[in-house]
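S.K.: One structure follows; several queries about it will come next.
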Amino acid sequence: MNSPDEGCGRKIEVARYIGSVCKLCRRENTKLFLKGERCLGDKCSFERRPYPPGQHGQRRVKFTEYGLRLREKQKARRIYGIMERQFRRYFSLADRQRGVTGENLLKIFERRLDNAVYRMGFSTTRAEGRQLVRHNHILINGKRVNIPSYLVKEGDMVSVCERSRNVARIKGALEASERRGFPSWVEVNPQEMKGMFRHYPTKEDLGPTIQEQFIVEFYSR
């Protein structure tokens with residue numbers, strides 16, 4: 001299946017951040033949950049050092065209006081693991097759709113296949129979900145899709161392929177997610193390792209983690 005972000009002839013950004021993801025949480029002054037279960041325990045670096053990394057990290061910094069909007073955009077990028085060029089394309093797509101641009105943007109992020117895999121509990125992080133998709137562990141409506149940026153639709157069935165159902169990390173992630181519970185916009189059958197994307201989440205479903213209006217203002221300046 002073709003992705004809306006990876007068509008023929010397009011230049012694709014392949015660079016990925018390979019440093020400590022705990023530093024990203026400290027930089028954005030909030031938990032981004034980039035290390036799965038570690039973020040929920042006592043070993044979380046943000047809990048021990050809740051200030052930006054670096055020798056000047058503990059200084060008080062007053063952000064400008066531009067700085068606040070930039071930080072919100074960077075926070076969203078890091079949560080969902082999206083490169084800048086791709087982020088801009090998503091914003092353009094959200095801006096062309098009917099409705100509120102910021103809410104449209106959040107829906108697009110949530111529709112990404114790597115995010116759907118994470119939300120359904122097949123992985124402990126979105127990065128791990130991206131890896132599962134690329135390594136052909138995931139099916140959509142019974143067909144293999146290996147493009148993490150593929151956008152799932154309402155009613156799509158996302159499942160782990162038969163040969164991968166005994167993979168320890170998938171089983172472990174699903175057991176942990178089952179204990180915590182699943183979001184209201186997905187319906188998961190842990191025994192069969194499949195889930196349905198019931199509907200697009202609303203702003204109320206996602207909560208206040210991301211102030212999407214700041215992102216809209218950043219790109220509209």
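Ligands are numbered from 1 in the order shown, residues from 1 within each chain, and chains are lettered A, B, ... in the order they appear in the structure tokens.
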If we count only C-alpha atoms and set the cut-off at 8 Å, which residues sit around Ala116 in chain A, ignoring sequence neighbours fewer than 5 positions away in its own chain? Please answer as a list in words.
M.R.: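 Once the adjacent positions are removed, what remains is Glu110, Arg111, Val152, Val158 and Phe197 of chain A.
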S.K.: Using DSSP on the backbone coordinates, identify the residues of range 65-206 of chain A assigned to helix (DSSP H, G or I); present them as an MDAnalysis selection string.
M.R.: chainID A and resid 65:80 84:96 101:111 113:119 126:134 162:164 168:180 203:206
S.K.: For Tyr118 in chain A, which of A:Tyr80, A:Tyr219, A:Phe214, A:Phe63 is the closest residue, counting only C-alpha atoms?
M.R.: A:Tyr80
